[in-house]
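With compact mmCIF, C-alpha atoms inside, this is data_7.txt:
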# COMPACT_ATOMS: atom_id res chain seq x y z
CA MET A 30 97.85 71.92 93.71
CA TYR A 31 97.36 75.01 91.63
CA GLY A 32 99.99 77.63 91.00
CA ASN A 33 99.17 81.23 90.35
CA ALA A 34 95.58 81.16 91.41
CA TYR A 35 95.80 84.91 91.22
CA ILE A 36 93.98 87.60 89.38
CA SER A 37 96.35 88.75 86.72
CA PRO A 38 96.07 92.48 86.06
CA GLU A 39 95.90 91.61 82.37
CA ASP A 40 93.03 89.25 82.89
CA ALA A 41 90.39 91.67 81.73
CA LYS A 42 87.75 89.00 81.39
CA ARG A 43 87.92 88.04 85.02
CA MET A 44 88.09 91.67 86.14
CA ASN A 45 84.89 92.47 84.30
CA GLU A 46 82.90 89.40 85.09
CA SER A 47 79.31 90.14 84.54
CA THR A 48 77.06 90.44 87.55
CA ASP A 49 74.47 88.56 85.51
CA ASP A 50 75.81 85.29 86.80
CA ALA A 51 72.88 84.70 89.11
CA GLU A 52 74.17 81.52 90.70
CA ASN A 53 77.54 82.96 91.63
CA LEU A 54 75.91 86.11 92.88
CA GLU A 55 73.63 84.11 95.12
CA ILE A 56 76.55 82.16 96.64
CA PHE A 57 78.49 85.40 97.06
CA GLU A 58 75.68 87.24 98.78
CA ALA A 59 74.81 84.27 101.00
CA ARG A 60 78.41 84.19 102.17
CA ILE A 61 78.27 87.85 103.13
CA THR A 62 74.93 87.42 104.87
CA ARG A 63 76.42 84.59 106.96
CA GLY A 64 79.15 87.01 108.04
CA GLU A 65 81.92 85.22 106.12
CA LYS A 66 84.72 87.21 104.53
CA ILE A 67 85.38 87.39 100.80
CA GLU A 68 88.98 86.49 99.87
CA PRO A 69 90.93 87.58 96.77
CA GLY A 70 90.52 84.35 94.80
CA ASP A 71 86.73 84.26 95.19
CA TRP A 72 84.21 85.11 92.52
CA MET A 73 82.86 88.58 93.10
CA PRO A 74 80.62 90.92 91.12
CA ALA A 75 82.55 93.39 88.97
CA GLU A 76 80.80 96.22 90.76
CA TYR A 77 81.93 94.92 94.17
CA ARG A 78 85.52 94.79 92.94
CA LYS A 79 85.29 98.26 91.46
CA GLN A 80 83.76 99.90 94.51
CA LEU A 81 86.22 98.22 96.87
CA ILE A 82 89.21 99.28 94.79
CA ARG A 83 87.87 102.84 94.77
CA MET A 84 87.34 102.86 98.53
CA ILE A 85 90.56 101.14 99.64
CA GLU A 86 92.60 103.16 97.15
CA GLN A 87 91.15 106.43 98.47
CA HIS A 88 91.89 105.29 101.98
CA ALA A 89 95.50 104.49 101.03
CA HIS A 90 95.94 107.89 99.35
CA SER A 91 94.53 109.57 102.45
CA GLU A 92 97.17 107.94 104.63
CA ILE A 93 100.00 109.02 102.34
CA VAL A 94 98.74 112.56 101.78
CA GLY A 95 97.63 112.81 105.42
CA ALA A 96 101.24 112.50 106.50
CA LEU A 97 102.05 115.79 104.75
CA PRO A 98 100.26 118.40 106.93
CA GLU A 99 101.69 116.82 110.08
CA GLY A 100 105.07 116.15 108.53
CA THR A 101 105.30 119.92 108.11
CA TRP A 102 105.84 120.17 111.86
CA ILE A 103 108.43 117.45 112.43
CA THR A 104 111.27 119.93 112.05
CA ARG A 105 109.58 122.35 114.45
CA ALA A 106 108.11 120.12 117.18
CA PRO A 107 108.41 121.96 120.50
CA ASN A 108 110.47 119.30 122.25
CA PHE A 109 112.19 115.98 121.72
CA ARG A 110 109.38 113.85 123.15
CA ARG A 111 106.79 115.43 120.84
CA LYS A 112 109.16 115.07 117.90
CA LEU A 113 109.65 111.36 118.60
CA ALA A 114 105.89 110.81 118.79
CA LEU A 115 105.24 112.79 115.61
CA ILE A 116 107.91 110.95 113.63
CA ALA A 117 106.50 107.62 114.82
CA LYS A 118 102.97 108.68 113.87
CA VAL A 119 103.94 109.92 110.42
CA GLN A 120 105.88 106.72 109.76
CA ASP A 121 102.78 104.75 110.81
CA GLU A 122 100.63 106.67 108.33
CA ILE A 123 102.96 105.83 105.45
CA GLY A 124 102.99 102.22 106.62
CA HIS A 125 99.19 102.23 106.64
CA GLY A 126 99.24 103.51 103.09
CA GLN A 127 101.43 100.55 102.08
CA LEU A 128 99.15 98.05 103.83
CA LEU A 129 96.13 99.51 102.08
CA TYR A 130 97.75 99.68 98.63
CA SER A 131 98.54 95.98 99.00
CA ALA A 132 94.96 95.21 100.06
CA ALA A 133 93.60 97.08 97.03
CA GLU A 134 96.19 95.41 94.83
CA THR A 135 94.76 91.96 95.66
CA LEU A 136 91.73 93.13 93.67
CA GLY A 137 93.83 93.59 90.54
CA LYS A 138 94.90 97.24 90.34
CA THR A 139 98.64 97.80 90.67
CA ARG A 140 100.12 100.18 93.21
CA GLU A 141 101.83 102.13 90.43
CA GLN A 142 98.51 102.65 88.70
CA MET A 143 96.94 103.86 91.93
CA LEU A 144 99.77 106.33 92.51
CA ALA A 145 99.49 107.51 88.92
CA ASP A 146 95.76 108.10 89.40
CA LEU A 147 96.41 110.02 92.60
CA ILE A 148 98.83 112.34 90.84
CA SER A 149 96.62 112.86 87.81
CA GLY A 150 93.73 113.72 90.11
CA LYS A 151 91.64 110.81 88.87
CA SER A 152 91.34 109.32 92.32
CA LYS A 153 90.68 111.26 95.48
CA TYR A 154 91.94 111.33 99.05
CA SER A 155 90.26 112.60 102.18
CA ASN A 156 89.31 116.21 101.73
CA VAL A 157 90.41 117.10 105.25
CA PHE A 158 94.07 116.99 104.17
CA ASN A 159 93.60 119.86 101.76
CA TYR A 160 93.74 122.21 104.75
CA PRO A 161 97.02 123.47 106.22
CA ALA A 162 98.43 122.90 109.69
CA LEU A 163 99.11 126.57 110.40
CA THR A 164 100.37 126.22 113.97
CA TRP A 165 101.56 123.53 116.36
CA ALA A 166 98.04 123.51 117.80
CA ASP A 167 96.75 122.32 114.42
CA VAL A 168 98.96 119.27 114.87
CA ALA A 169 97.23 118.63 118.20
CA VAL A 170 93.80 118.99 116.61
CA ILE A 171 94.74 116.67 113.74
CA GLY A 172 96.22 114.04 116.08
CA PHE A 173 93.22 114.12 118.38
CA LEU A 174 90.17 114.94 116.27
CA VAL A 175 91.05 114.01 112.68
CA ASP A 176 92.50 110.72 113.87
CA GLY A 177 89.49 110.31 116.17
CA ALA A 178 87.18 110.72 113.19
CA ALA A 179 89.28 108.32 111.12
CA ILE A 180 89.10 105.73 113.88
CA VAL A 181 85.29 105.93 114.01
CA ASN A 182 85.28 105.19 110.29
CA GLN A 183 87.94 102.47 110.40
CA VAL A 184 86.53 100.57 113.37
CA ILE A 185 83.22 100.36 111.53
CA ASN A 186 84.83 99.31 108.24
CA GLN A 187 86.75 96.57 110.02
CA LYS A 188 83.51 94.60 110.12
CA GLY A 189 83.29 94.72 106.33
CA SER A 190 83.19 91.78 103.96
CA TYR A 191 86.58 91.89 102.22
CA GLY A 192 89.22 89.87 104.10
CA PRO A 193 92.43 91.70 103.09
CA TYR A 194 90.92 95.12 103.88
CA CYS A 195 89.67 93.94 107.29
CA ARG A 196 93.08 92.50 108.17
CA ALA A 197 94.83 95.74 107.18
CA LEU A 198 92.34 97.73 109.24
CA GLU A 199 92.92 95.57 112.28
CA ARG A 200 96.58 96.51 112.33
CA ILE A 201 95.82 100.11 111.44
CA CYS A 202 93.28 100.57 114.25
CA TYR A 203 95.73 99.12 116.75
CA GLU A 204 98.36 101.68 115.74
CA GLU A 205 95.86 104.53 115.40
CA SER A 206 94.94 104.19 119.06
CA PHE A 207 98.44 105.48 119.83
CA HIS A 208 97.89 108.38 117.42
CA LEU A 209 94.71 109.31 119.21
CA LYS A 210 96.24 109.10 122.68
CA GLN A 211 99.29 111.16 121.79
CA GLY A 212 97.02 113.66 120.02
CA HIS A 213 94.77 113.92 123.07
CA ASP A 214 97.82 114.33 125.29
CA ASN A 215 99.07 117.18 123.11
CA PHE A 216 95.58 118.71 122.95
CA VAL A 217 95.06 118.61 126.74
CA TYR A 218 98.57 119.94 127.32
CA LEU A 219 97.84 123.05 125.25
CA ALA A 220 94.30 123.44 126.63
CA THR A 221 95.59 123.43 130.20
CA GLY A 222 98.69 125.49 129.43
CA SER A 223 99.36 129.21 129.25
CA PRO A 224 96.68 131.66 128.00
CA LYS A 225 98.68 131.93 124.78
CA GLN A 226 98.68 128.16 124.28
CA ARG A 227 94.94 127.99 124.99
CA ALA A 228 94.22 130.78 122.53
CA MET A 229 96.31 129.05 119.87
CA LEU A 230 94.40 125.80 120.43
CA GLN A 231 91.01 127.52 120.36
CA GLU A 232 91.86 129.10 117.02
CA ALA A 233 92.93 125.75 115.61
CA VAL A 234 89.71 124.12 116.86
CA ASN A 235 87.72 126.87 115.14
CA ARG A 236 89.59 126.28 111.89
CA TRP A 237 89.08 122.50 111.89
CA TYR A 238 85.45 122.39 113.00
CA ARG A 239 83.94 122.59 109.53
CA PRO A 240 86.41 120.27 107.79
CA LEU A 241 85.65 117.77 110.58
CA LEU A 242 81.91 118.00 109.90
CA HIS A 243 82.71 117.43 106.23
CA PHE A 244 84.94 114.46 107.06
CA PHE A 245 82.24 111.78 106.83
CA GLY A 246 80.93 113.09 103.52
CA PRO A 247 77.63 114.61 102.44
CA SER A 248 74.41 114.07 104.32
CA ASP A 249 72.60 110.78 103.68
CA ARG A 250 69.93 112.72 101.84
CA ASP A 251 72.49 113.65 99.14
CA SER A 252 74.55 110.49 99.11
CA GLN A 253 74.15 108.05 96.22
CA HIS A 254 74.29 104.29 95.72
CA SER A 255 74.58 103.41 99.37
CA GLU A 256 72.08 100.55 99.42
CA LYS A 257 74.06 98.00 97.42
CA LEU A 258 77.28 98.96 99.23
CA MET A 259 75.58 98.32 102.55
CA LYS A 260 74.19 94.97 101.40
CA TRP A 261 77.65 93.86 100.29
CA LYS A 262 79.19 95.19 103.52
CA ILE A 263 81.51 97.57 101.73
CA LYS A 264 79.89 100.40 103.62
CA LEU A 265 78.61 99.58 107.09
CA ALA A 266 77.21 102.79 108.44
CA SER A 267 75.73 105.84 106.79
CA ASN A 268 77.63 109.14 106.65
CA ASP A 269 75.24 110.77 109.08
CA ASP A 270 75.43 107.88 111.56
CA MET A 271 79.21 107.98 111.61
CA ARG A 272 79.23 111.76 111.94
CA ASN A 273 76.84 111.54 114.86
CA GLN A 274 78.94 108.91 116.57
CA PHE A 275 82.00 111.12 116.19
CA LEU A 276 80.26 114.20 117.59
CA ASP A 277 78.90 112.16 120.47
CA GLN A 278 82.32 110.85 121.39
CA TYR A 279 84.42 113.96 120.88
CA ILE A 280 82.40 117.16 121.43
CA PRO A 281 82.12 116.47 125.18
CA LYS A 282 85.91 116.00 125.30
CA ILE A 283 86.36 119.46 123.78
CA TRP A 284 83.79 121.10 126.03
CA GLU A 285 85.19 119.53 129.21
CA LEU A 286 88.32 121.63 128.66
CA GLY A 287 86.29 124.84 128.52
CA LEU A 288 86.93 125.23 124.79
CA THR A 289 84.15 126.30 122.43
CA LEU A 290 83.05 125.41 118.93
CA PRO A 291 82.18 128.06 116.34
CA ASP A 292 78.60 126.88 115.90
CA PRO A 293 75.78 128.29 118.07
CA GLU A 294 73.39 125.64 116.76
CA LEU A 295 75.51 122.71 117.91
CA LYS A 296 73.68 120.67 120.54
CA ARG A 297 72.78 117.13 121.48
CA ASN A 298 69.08 116.29 121.39
CA ASP A 299 67.44 114.00 123.91
CA ASN A 300 67.28 111.25 121.30
CA GLY A 301 71.09 111.28 121.03
CA ILE A 302 71.14 113.01 117.64
CA TRP A 303 73.43 116.00 117.33
CA GLU A 304 72.22 119.11 115.60
CA PHE A 305 74.64 121.50 113.93
CA GLY A 306 74.51 124.60 111.79
CA ASP A 307 74.96 124.55 108.02
CA PRO A 308 78.49 123.17 107.46
CA ASP A 309 78.68 124.84 104.03
CA TRP A 310 78.61 121.88 101.70
CA ALA A 311 79.38 124.22 98.81
CA GLU A 312 82.83 124.73 100.29
CA PHE A 313 83.24 120.97 100.66
CA LYS A 314 82.46 120.54 96.96
CA ARG A 315 84.74 123.37 95.98
CA VAL A 316 87.69 121.97 97.94
CA ILE A 317 87.20 118.35 96.90
CA SER A 318 87.14 119.37 93.27
CA GLY A 319 90.57 120.93 93.60
CA ASP A 320 90.15 124.47 94.84
CA GLY A 321 91.25 124.11 98.45
CA PRO A 322 94.10 125.84 100.25
CA CYS A 323 96.55 122.94 99.87
CA ASN A 324 95.36 120.71 96.99
CA ALA A 325 98.05 121.90 94.60
CA GLU A 326 100.86 121.53 97.12
CA ARG A 327 99.80 118.03 98.24
CA LEU A 328 99.73 116.69 94.68
CA GLU A 329 102.87 118.53 93.66
CA VAL A 330 104.86 117.03 96.51
CA ARG A 331 103.58 113.54 95.64
CA ARG A 332 104.41 114.05 91.98
CA TYR A 333 107.90 115.24 92.86
CA ALA A 334 108.52 112.20 95.06
CA GLU A 335 107.27 109.90 92.33
CA GLU A 336 109.33 111.45 89.57
CA ALA A 337 112.48 112.26 91.49
CA GLY A 338 112.55 108.70 92.81
CA ARG A 339 111.89 107.03 89.51
CA TRP A 340 115.52 106.47 88.59
CA VAL A 341 116.00 104.54 91.83
CA ARG A 342 113.04 102.29 91.14
CA THR A 343 114.14 101.80 87.55
CA ALA A 344 117.63 100.83 88.71
CA LEU A 345 116.13 98.32 91.14
CA MET A 346 113.80 96.77 88.62
CA ASN A 347 114.59 93.26 87.54
CA LYS A 348 113.08 92.63 84.12
CA ASP A 349 113.14 88.87 84.60
CA GLU A 350 110.79 89.00 87.55
CA ARG A 351 107.19 88.15 86.97
CA TYR A 352 104.71 90.36 88.74
CA VAL A 353 101.70 88.56 90.21
CA VAL A 354 98.94 90.00 92.31
CA PRO A 355 99.66 89.70 96.06
CA LEU A 356 98.04 86.81 97.81
CA ALA A 357 96.31 88.31 100.79
CA MET B 15 103.45 125.00 88.20
CA ALA B 16 103.17 128.33 90.01
CA GLU B 17 105.41 128.98 93.00
CA LEU B 18 104.18 127.15 96.04
CA ASN B 19 103.98 129.18 99.19
CA SER B 20 104.29 126.22 101.50
CA LEU B 21 104.39 126.19 105.30
CA ASP B 22 106.78 123.30 105.06
CA PRO B 23 110.46 124.25 104.77
CA ARG B 24 111.17 120.85 103.27
CA VAL B 25 108.72 121.53 100.46
CA LEU B 26 110.26 124.93 99.82
CA ARG B 27 113.67 123.30 99.45
CA LEU B 28 112.43 120.98 96.69
CA ASP B 29 113.34 122.00 93.21
CA LEU B 30 109.82 121.40 91.98
CA LYS B 31 110.35 122.93 88.59
CA LYS B 32 113.23 120.66 87.81
CA ILE B 33 110.89 117.83 86.97
CA GLU B 34 108.06 119.36 85.06
CA ASP B 35 106.92 116.90 82.45
CA GLY B 36 106.57 113.21 82.05
CA ASP B 37 104.04 110.71 83.20
CA VAL B 38 104.43 108.39 86.07
CA ALA B 39 105.72 105.14 84.70
CA THR B 40 102.90 102.68 85.02
CA ASN B 41 104.54 99.75 83.32
CA THR B 42 107.18 99.30 85.98
CA HIS B 43 106.13 97.59 89.11
CA LEU B 44 108.17 96.01 91.86
CA ILE B 45 107.16 92.47 92.67
CA THR B 46 105.61 91.62 96.01
CA TYR B 47 106.80 89.43 98.83
CA GLU B 48 104.52 87.77 101.37
CA VAL B 49 105.71 88.42 104.92
CA PHE B 50 105.60 85.93 107.80
CA HIS B 51 106.09 87.15 111.33
CA GLN B 52 107.07 85.14 114.41
CA GLU B 53 106.25 87.01 117.57
CA LYS B 54 108.15 84.85 120.05
CA ARG B 55 110.53 81.93 119.91
CA GLY B 56 108.49 78.76 120.10
CA LYS B 57 105.45 80.28 118.37
CA GLN B 58 104.39 79.73 114.77
CA ALA B 59 105.36 82.22 112.10
CA VAL B 60 102.13 83.76 110.88
CA HIS B 61 101.35 85.48 107.59
CA ALA B 62 101.38 89.22 108.28
CA GLY B 63 100.98 90.90 104.90
CA VAL B 64 102.76 92.04 101.77
CA VAL B 65 105.66 94.32 100.84
CA HIS B 66 106.96 95.54 97.48
CA ALA B 67 110.65 95.00 96.86
CA SER B 68 113.19 94.21 94.19
CA THR B 69 115.27 91.72 96.20
CA PRO B 70 114.80 89.55 99.29
CA ASP B 71 117.16 91.84 101.24
CA MET B 72 115.07 94.87 100.44
CA ALA B 73 111.89 92.93 101.22
CA LEU B 74 113.28 92.12 104.67
CA VAL B 75 114.04 95.78 105.34
CA MET B 76 110.55 96.77 104.25
CA ALA B 77 109.02 93.95 106.29
CA LYS B 78 110.95 95.01 109.38
CA GLU B 79 109.69 98.59 109.00
CA THR B 80 106.12 97.59 108.22
CA PHE B 81 105.49 94.64 110.53
CA GLY B 82 108.13 94.97 113.24
CA ARG B 83 107.38 98.48 114.51
CA ARG B 84 105.34 97.39 117.54
CA GLY B 85 105.43 94.68 120.15
CA LYS B 86 107.73 91.71 119.94
CA THR B 87 109.42 90.13 116.97
CA ALA B 88 111.55 87.00 117.04
CA ALA B 89 111.80 86.39 113.29
CA ILE B 90 110.58 87.66 109.95
CA TRP B 91 110.45 85.61 106.76
CA VAL B 92 109.72 86.83 103.27
CA VAL B 93 108.86 84.80 100.19
CA LYS B 94 108.07 85.94 96.67
CA THR B 95 104.33 85.94 96.06
CA SER B 96 104.89 84.09 92.80
CA GLU B 97 106.58 81.23 94.71
CA ILE B 98 103.50 80.48 96.77
CA TYR B 99 101.11 77.81 95.56
CA THR B 100 97.58 77.62 96.81
CA LEU B 101 94.53 75.48 96.45
CA ALA B 102 91.92 77.18 94.30
CA SER B 103 89.36 78.90 96.46
CA GLU B 104 86.49 77.15 94.70
CA ASP B 105 87.89 73.87 96.04
CA GLU B 106 87.34 74.98 99.60
CA ASP B 107 84.37 72.59 99.81
CA MET B 108 86.70 69.59 99.90
CA PHE B 109 87.14 70.39 103.60
CA GLU B 110 83.46 70.77 104.26
CA THR B 111 82.97 67.34 105.83
CA THR B 112 86.18 67.35 107.87
CA PRO B 113 84.48 68.58 111.08
CA GLU B 114 82.06 65.66 110.74
CA LYS B 115 84.83 63.08 110.95
CA LEU B 116 84.33 62.54 114.64
CA HIS B 117 86.31 59.29 114.62
CA ARG B 118 89.38 61.52 114.36
CA GLU B 119 88.52 63.33 117.58
CA PRO B 120 89.47 62.11 121.08
CA GLY B 121 85.97 62.82 122.38
CA PHE B 122 84.58 60.15 120.06
CA TYR B 123 86.01 57.38 122.22
CA LYS B 124 83.99 56.84 125.43
CA VAL B 125 84.49 53.66 127.47
CA ARG B 126 83.34 54.55 130.98
CA ASP B 127 79.77 53.14 130.53
CA ARG B 128 81.13 49.88 129.25
CA ILE B 129 83.59 49.54 132.15
CA GLU B 130 80.88 50.19 134.69
CA ALA B 131 78.52 47.69 133.08
CA TYR B 132 81.29 45.11 133.11
CA GLN B 133 82.04 45.74 136.76
CA LYS B 134 78.36 45.30 137.67
CA ARG B 135 78.10 42.11 135.66
CA THR B 136 81.22 40.44 137.00
CA ALA B 137 81.33 41.87 140.52
CA VAL B 138 84.74 43.48 140.07
CA PRO B 139 85.02 45.69 143.17
CA GLN B 140 84.30 49.29 142.23
CA GLN B 141 87.00 51.84 143.12

Kindly present the structure from the file in structure tokens form.
Amino acid sequence: MYGNAYISPEDAKRMNESTDDAENLEIFEARITRGEKIEPGDWMPAEYRKQLIRMIEQHAHSEIVGALPEGTWITRAPNFRRKLALIAKVQDEIGHGQLLYSAAETLGKTREQMLADLISGKSKYSNVFNYPALTWADVAVIGFLVDGAAIVNQVINQKGSYGPYCRALERICYEESFHLKQGHDNFVYLATGSPKQRAMLQEAVNRWYRPLLHFFGPSDRDSQHSEKLMKWKIKLASNDDMRNQFLDQYIPKIWELGLTLPDPELKRNDNGIWEFGDPDWAEFKRVISGDGPCNAERLEVRRYAEEAGRWVRTALMNKDERYVVPLA
Amino acid sequence: MAELNSLDPRVLRLDLKKIEDGDVATNTHLITYEVFHQEKRGKQAVHAGVVHASTPDMALVMAKETFGRRGKTAAIWVVKTSEIYTLASEDEDMFETTPEKLHREPGFYKVRDRIEAYQKRTAVPQQ
């Protein structure tokens, strides 16, 4: 019996284990090739640990920050049923953030450190949440299309190699299917409603079209270090493949309601590949590096929550407790 | 921080300037509890995940919110992560040969052939 078979956050040696250990690397890679999952106590290359922390942490931040644009509308939901659904969804997103922080934490980075890096701007969150939800129709577009895009990504990642992340994603995908359905319900309701409601929805669709194209990241031609991530099953599909899958699933659902998309070049080729006009990657870069419509507000609200709540956490802290990395 | 012109009335109500300086404390970290969830009476409690909390009571509240939001729940248990002892993962190979121990399986024991041979040999009337 061994106690504390955990990765201590102070255990720098273990965190930075060299990838030169050929024998361990071979065992590790063979395990992944066989389709087995990697668990927290296993040997893993330092680069695998680093990339996973980066990815899961970004995912966690996206859940927490993603609750903000929608949360804006909780106080102004058009009726009680929509308000109930929106509150439930926003609570889910925060819960997903907690699940993901814990999954990342099994790799040796503390939740506090991740939150600190979010606030300092060192680590990123999904760029799509740097745009505002200007009207109630934006909430419908987020619930249907942004969550739809997130589900494409998450269902694929669920087949990844790291056990704790896969388990978190399993629960997340189950709950996200409700987000998608309530979003679609809201979307269809507005699309089939009064001319004013339809116009409001069309405008929101126009606003979100480009951020949605950006959602899966730059084109494969401009995307770096994918090969190793694919081999280690950290990344399971290329940006362009995921984007295409999203367009294939969701564009028809927009068109079937007689709505349009602000892109005359958008069409599906016979080979199943979608073509679209230039999504303005310069804007993507500009927004992701801090100059988007809501970047400052998102971070400011997070910082406020962190700092205004600190006295509560300090009061709760028990100095005699020993922090160890969570088990799974 | 410049004035934020937020769409969110709740953000506008925050006194954002009040807390201007200071880093996020990184040296303070709530401990974690491992959560076990029993879906129905009569079923096993199964490990569901992790929550951060300062006391078992708070861990139970967090666990209820995180793992009891959907479906059925009969019971939730929490235990401090530091109180759980595990086998080292590199010792996993000690179980490698367990599936080969067929003498522990019911299917290993087959007597029908022997009974039939006996019946043939001794003329016990077959059923």

In Å, with one decimal, what is the gap from atom CA of Lys66 of chain A to atom CA of Glu205 of chain A?
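Going from atom CA of Lys66 of chain A over to atom CA of Glu205 of chain A, I get 23.3 Å.
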
Using only C-alpha atoms, find the residues of chain B whose closest atom to chain A is at most 7 Å away, then write them as a list in words.
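On the chain B side, the interface is Leu18, Leu21, Asp22, Leu30, Val38, Thr40, His43, Leu44, Ile45, Thr46, Gly63, Val64, Ser68, Thr80, Thr95, Ser96, Tyr99, Thr100, Leu101, Ala102 and Ser103 of chain B.
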
Can you measure atom CA of His51 of chain B to atom CA of Gly126 of chain A for me? One decimal in Å is fine.
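Between atom CA of His51 of chain B and atom CA of Gly126 of chain A the gap is 19.6 Å.
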
Atom CA of His66 of chain B and atom CA of Glu48 of chain B are how many Å apart?
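Distance between the two atoms: 9.0 Å.
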
Polymer residues at most 9 Å from Met76 of chain B, all atoms listed in the file, same-chain spacing of 4 or more positions, as a PyMOL selection string
chain B and resi 65-67+71-72+80-81

Tell me which protein, DNA and RNA residues are within 8 Å of Asp249 of chain A, counting all atoms listed in the file, leaving out same-chain ones fewer than 2 positions away, and put them as a compact mmCIF listing (two decimals) with C-alpha atoms, keeping the file's coordinate frame.
# COMPACT_ATOMS: atom_id res chain seq x y z
CA PRO A 247 77.63 114.61 102.44
CA ASP A 251 72.49 113.65 99.14
CA SER A 252 74.55 110.49 99.11
CA SER A 267 75.73 105.84 106.79
CA ASN A 268 77.63 109.14 106.65
CA ASP A 269 75.24 110.77 109.08

For His213 of chain A, which residue out of A:Ile82, A:Leu286, A:Leu242, A:Ile317 is the nearest one, using all atoms listed in the file?
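Ranking A:Ile82, A:Leu286, A:Leu242, A:Ile317 by distance to His213 of chain A, first place goes to A:Leu286.
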
Determine, counting only C-alpha atoms, which protein, DNA and RNA residues have an atom within 9 Å of an atom of Asn156 of chain A; residues of the same chain fewer than 3 positions away are not included. Present the result as a VMD selection string.
chain A and resid 91 153 159 to 160 240 243 to 244 313 316 to 317 321 324

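Nearest-residue note for Glu134 of chain A: choosing from A:Ala89, A:Val181, A:Ala311, A:Met259, the minimum distance belongs to A:Ala89, counting all atoms listed in the file.
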